[in-house]
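A.B. asks: I'd like to ask you about the structure that follows.
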Amino acid sequence: MPAPDDPAQDLSLIEQAVRAAGDIARRYYGGSYKRWSKNKGEPVTEADLEIDRYLHDTLLEARPAYGWISEEGESRDGADRLFMVDPIDGTTAFLKQKPHFSISVAVIEDGTPVTGVVFNPIKDECFTARRGGGCRLNGQRLHVSTCGTVEGCRILGAKDMFAHSYWSEAPNIPWPAMDVEQRNSVAYRMALVAAGSFDAALVLSAKHDWDMAAGDIIVREAGGKVTAHDGAALHYGSASALQRSMVCAGPALHALLLERLEHIKL
């Protein structure tokens, strides 16, 4: 029999919980609900809090020895494994009734995601991955794109960032023509790269661990690479729970993006 913390069992547990949490999100989506502003004006809604409570109670009841880190709170208690949770990644999209938000849950071991689920409940897209088990969308195996050129690539990122005059100042290199789109949810952007729907995703501003942890293993299990802009591996679960940047893409395009970015001091 598999151990209680077997990654395959964890993945099954998380997927069931996240899909049920998606029902909560759909109940609120487009309706009336309370909303607030947190630190730095970040929005939070009743839906965020209810989903967070549901996932906290459901997952920790099944895995009481695991720690918990989410956008809404944490309880680590020296646990070897941590649930890393964003109840709604892309709350701004949720508020605007744009189907570009996701529910994101990962299991972290020694600073590395070993299991991850990213679920877009409006599009019914459930991306799942566990270490060594590959990546799937609603059960279908995924692989990153084979794109090997920056010019013409399909990339997820902030359009104004790519257009900034900074890139014309040596030693920087201006960006060529690319198909640039934006999605509010960082986890969903990463999942779309894993699916090959986009070739890359780029973030050059600080984001929290829970924005990226599940997306990280999903991209890696789809054959892609995920690092900081200078090529450093991302380590999750630090006291700050922050990542300074993120680049994810297939191996060939990832290397080309790092050539443009690795000298930058953020």
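A note on labels: chains of the structure tokens are A, B, ... as shown, every chain counts residues from 1, and ligands are counted from 1 in their shown order.
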May I have the residues within 12 Å of Gly78 in chain A as an MDAnalysis selection string, using only C-alpha atoms and disregarding those fewer than 6 positions away in the same chain?
C.D. replies: chainID A and resid 65:68 109:110 237
A.B. asks: Tell me, as a PyMOL selection string, which residues lie within 12 Å of Ser104 in chain A, counting only C-alpha atoms; anything in the same chain fewer than 2 positions away does not count.
C.D. replies: chain A and resi 14-15+17-19+21-22+48+51-52+55+69-71+83-90+101-102+106-107+115-121+125-129+185-191+209-218
A.B. asks: Output C-alpha atoms for every residue in the selection just made, as a compact mmCIF listing (two decimals), in the first residue's frame.
C.D. replies:
```txt
# COMPACT_ATOMS: atom_id res chain seq x y z
CA ILE A 14 -5.62 18.00 -3.96
CA GLU A 15 -7.41 17.67 -7.28
CA ALA A 17 -10.39 19.48 -3.10
CA VAL A 18 -9.54 22.07 -5.74
CA ARG A 19 -12.39 21.01 -8.01
CA ALA A 21 -13.29 24.77 -4.31
CA GLY A 22 -14.02 25.66 -7.94
CA ASP A 48 -11.03 34.07 -1.52
CA ILE A 51 -12.12 28.88 -0.61
CA ASP A 52 -9.11 29.28 1.66
CA LEU A 55 -9.03 24.00 1.36
CA ILE A 69 1.16 28.51 3.72
CA SER A 70 -1.46 30.47 1.82
CA GLU A 71 -2.12 34.01 0.70
CA PHE A 83 0.67 22.89 1.39
CA MET A 84 1.27 26.09 -0.64
CA VAL A 85 -2.09 27.62 -1.56
CA ASP A 86 -3.53 30.56 -3.46
CA PRO A 87 -7.33 30.37 -3.09
CA ILE A 88 -7.84 32.75 -6.01
CA ASP A 89 -4.76 33.70 -8.01
CA GLY A 90 -5.89 36.62 -10.15
CA PHE A 101 -8.03 33.40 -12.53
CA SER A 102 -7.16 30.07 -10.95
CA ALA A 106 1.17 22.67 -4.32
CA VAL A 107 2.95 20.40 -1.86
CA THR A 115 2.85 18.00 -6.41
CA GLY A 116 0.75 20.75 -7.98
CA VAL A 117 -2.74 21.55 -9.23
CA VAL A 118 -3.87 24.72 -11.02
CA PHE A 119 -7.59 24.90 -11.74
CA ASN A 120 -9.45 27.48 -13.81
CA PRO A 121 -13.03 26.79 -12.67
CA GLU A 125 -9.23 23.47 -17.01
CA CYS A 126 -7.51 21.38 -14.35
CA PHE A 127 -3.72 21.16 -14.72
CA THR A 128 -2.08 18.50 -12.54
CA ALA A 129 1.47 17.26 -11.98
CA SER A 185 -3.07 34.73 -12.63
CA VAL A 186 0.65 33.87 -12.63
CA ALA A 187 -0.16 30.21 -11.93
CA TYR A 188 -2.50 30.12 -14.92
CA ARG A 189 0.14 31.72 -17.16
CA MET A 190 2.58 28.98 -16.19
CA ALA A 191 -0.01 26.28 -16.81
CA ASP A 209 5.54 31.65 -3.46
CA TRP A 210 1.88 30.69 -3.72
CA ASP A 211 1.64 32.46 -7.10
CA MET A 212 4.23 30.11 -8.64
CA ALA A 213 4.70 26.89 -6.67
CA ALA A 214 2.06 24.73 -8.36
CA GLY A 215 2.83 26.23 -11.77
CA ASP A 216 6.51 25.45 -11.26
CA ILE A 217 6.13 21.67 -11.08
CA ILE A 218 3.45 21.71 -13.78
```
A.B. asks: DSSP on the backbone: which residues in range 8-161 of chain A end up as helix (DSSP H, G or I)? Give the answer as a PDB file with C-alpha atoms, in the first residue's frame.
C.D. replies:
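Wrote out.pdb, looks like this:
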```
ATOM      1  CA  ALA A   8       0.077  10.167  -6.239  1.00  0.00           C
ATOM      2  CA  GLN A   9      -2.303  10.106  -3.288  1.00  0.00           C
ATOM      3  CA  ASP A  10      -1.560  13.748  -2.546  1.00  0.00           C
ATOM      4  CA  LEU A  11      -2.330  14.665  -6.125  1.00  0.00           C
ATOM      5  CA  SER A  12      -5.667  12.858  -6.031  1.00  0.00           C
ATOM      6  CA  LEU A  13      -6.559  14.535  -2.726  1.00  0.00           C
ATOM      7  CA  ILE A  14      -5.625  18.002  -3.962  1.00  0.00           C
ATOM      8  CA  GLU A  15      -7.410  17.667  -7.283  1.00  0.00           C
ATOM      9  CA  GLN A  16     -10.650  16.621  -5.595  1.00  0.00           C
ATOM     10  CA  ALA A  17     -10.393  19.478  -3.100  1.00  0.00           C
ATOM     11  CA  VAL A  18      -9.538  22.071  -5.739  1.00  0.00           C
ATOM     12  CA  ARG A  19     -12.387  21.014  -8.005  1.00  0.00           C
ATOM     13  CA  ALA A  20     -14.790  21.351  -5.057  1.00  0.00           C
ATOM     14  CA  ALA A  21     -13.291  24.769  -4.307  1.00  0.00           C
ATOM     15  CA  GLY A  22     -14.019  25.656  -7.937  1.00  0.00           C
ATOM     16  CA  ASP A  23     -17.717  25.142  -7.186  1.00  0.00           C
ATOM     17  CA  ILE A  24     -17.401  27.823  -4.498  1.00  0.00           C
ATOM     18  CA  ALA A  25     -15.711  30.182  -6.951  1.00  0.00           C
ATOM     19  CA  ARG A  26     -18.419  29.658  -9.555  1.00  0.00           C
ATOM     20  CA  ARG A  27     -21.112  30.366  -6.967  1.00  0.00           C
ATOM     21  CA  TYR A  28     -19.641  33.810  -6.302  1.00  0.00           C
ATOM     22  CA  ASN A  39      -1.774  45.743   2.121  1.00  0.00           C
ATOM     23  CA  LYS A  40      -0.626  47.715  -0.941  1.00  0.00           C
ATOM     24  CA  GLY A  41      -4.215  47.796  -2.201  1.00  0.00           C
ATOM     25  CA  GLU A  46     -15.517  36.643   0.351  1.00  0.00           C
ATOM     26  CA  ALA A  47     -14.786  34.002  -2.263  1.00  0.00           C
ATOM     27  CA  ASP A  48     -11.030  34.073  -1.517  1.00  0.00           C
ATOM     28  CA  LEU A  49     -11.669  33.579   2.186  1.00  0.00           C
ATOM     29  CA  GLU A  50     -14.277  30.838   1.819  1.00  0.00           C
ATOM     30  CA  ILE A  51     -12.121  28.876  -0.614  1.00  0.00           C
ATOM     31  CA  ASP A  52      -9.112  29.277   1.663  1.00  0.00           C
ATOM     32  CA  ARG A  53     -11.074  27.965   4.666  1.00  0.00           C
ATOM     33  CA  TYR A  54     -12.444  25.048   2.684  1.00  0.00           C
ATOM     34  CA  LEU A  55      -9.033  24.003   1.364  1.00  0.00           C
ATOM     35  CA  HIS A  56      -7.385  24.486   4.765  1.00  0.00           C
ATOM     36  CA  ASP A  57      -9.921  22.309   6.565  1.00  0.00           C
ATOM     37  CA  THR A  58     -10.160  19.648   3.848  1.00  0.00           C
ATOM     38  CA  LEU A  59      -6.460  19.238   3.151  1.00  0.00           C
ATOM     39  CA  LEU A  60      -5.195  19.407   6.735  1.00  0.00           C
ATOM     40  CA  GLU A  61      -7.855  17.008   7.950  1.00  0.00           C
ATOM     41  CA  ALA A  62      -6.458  14.499   5.444  1.00  0.00           C
ATOM     42  CA  THR A  91      -8.532  38.155  -7.901  1.00  0.00           C
ATOM     43  CA  THR A  92      -8.629  41.236 -10.150  1.00  0.00           C
ATOM     44  CA  ALA A  93      -9.775  39.053 -13.064  1.00  0.00           C
ATOM     45  CA  PHE A  94     -12.338  37.402 -10.777  1.00  0.00           C
ATOM     46  CA  LEU A  95     -13.699  40.836  -9.803  1.00  0.00           C
ATOM     47  CA  LYS A 159       3.061  44.610 -22.583  1.00  0.00           C
ATOM     48  CA  ASP A 160       4.281  47.895 -21.110  1.00  0.00           C
ATOM     49  CA  MET A 161       7.283  46.105 -19.608  1.00  0.00           C
TER      50      MET A 161
END
```
A.B. asks: Residues near range 248-258 of chain A, anyone? I mean within 6 Å using only C-alpha atoms, not counting same-chain ones fewer than 5 positions away, as a list in words.
C.D. replies: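 Once the adjacent positions are removed, what remains is Val144, Gly148, Asp199, Ala200, Ala201, Gly224, Lys225 and Val226 of chain A.
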A.B. asks: From the set A:Gln182, A:Ser32, A:Asn172, A:Ser197, which residue has the shortest atom-to-atom contact distance to Gln97 in chain A, counting only C-alpha atoms?
C.D. replies: A:Ser32
A.B. asks: Can you tell me, as a PyMOL selection string, which residues in range 97-193 of chain A count as strand (DSSP E) by DSSP?
C.D. replies: chain A and resi 102-109+112-120+125-130+135-137+140-141+154-156+179-181
A.B. asks: Report, in Å with one decimal, the straight-line distance from CA of Gln140 in chain A to CA of Leu156 in chain A.
C.D. replies: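 Computing the Euclidean distance for CA of Gln140 in chain A and CA of Leu156 in chain A yields 22.7 Å.
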A.B. asks: Residues at most 7 Å from range 175-180 of chain A, counting only C-alpha atoms, excluding those fewer than 3 positions away in the same chain, as JSON, numbers by chain?
C.D. replies: {"A": [151, 152, 153, 154, 155, 156, 157, 159, 162]}
A.B. asks: Considering only C-alpha atoms, state which residue in the set A:Val114, A:Ala222, A:Val193, A:Ala206 is at the smallest distance from Arg141 in chain A.
C.D. replies: A:Ala222
A.B. asks: At a cut-off of 9 Å, using only C-alpha atoms, what residues contact Ser245 in chain A? Leave out same-chain residues fewer than 2 positions from it and give the result as a PyMOL selection string.
C.D. replies: chain A and resi 202-207+227-230+243+247+266
A.B. asks: Report, in Å with one decimal, the straight-line distance from CA of Tyr33 in chain A to CA of Glu72 in chain A.
C.D. replies: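 We find that CA of Tyr33 in chain A and CA of Glu72 in chain A lie 17.6 Å from each other.
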A.B. asks: Just how far from CA of Gly139 in chain A is CA of Val105 in chain A, in Å to one decimal?
C.D. replies: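 Straight-line distance from CA of Val105 in chain A to CA of Gly139 in chain A works out to 17.3 Å.
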A.B. asks: Pick from A:Glu74, A:Ile264, A:Tyr29, A:Val44: nearest to Ala170 in chain A, with only C-alpha atoms counted?
C.D. replies: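 Of all the options, A:Ile264 lies closest to Ala170 in chain A.
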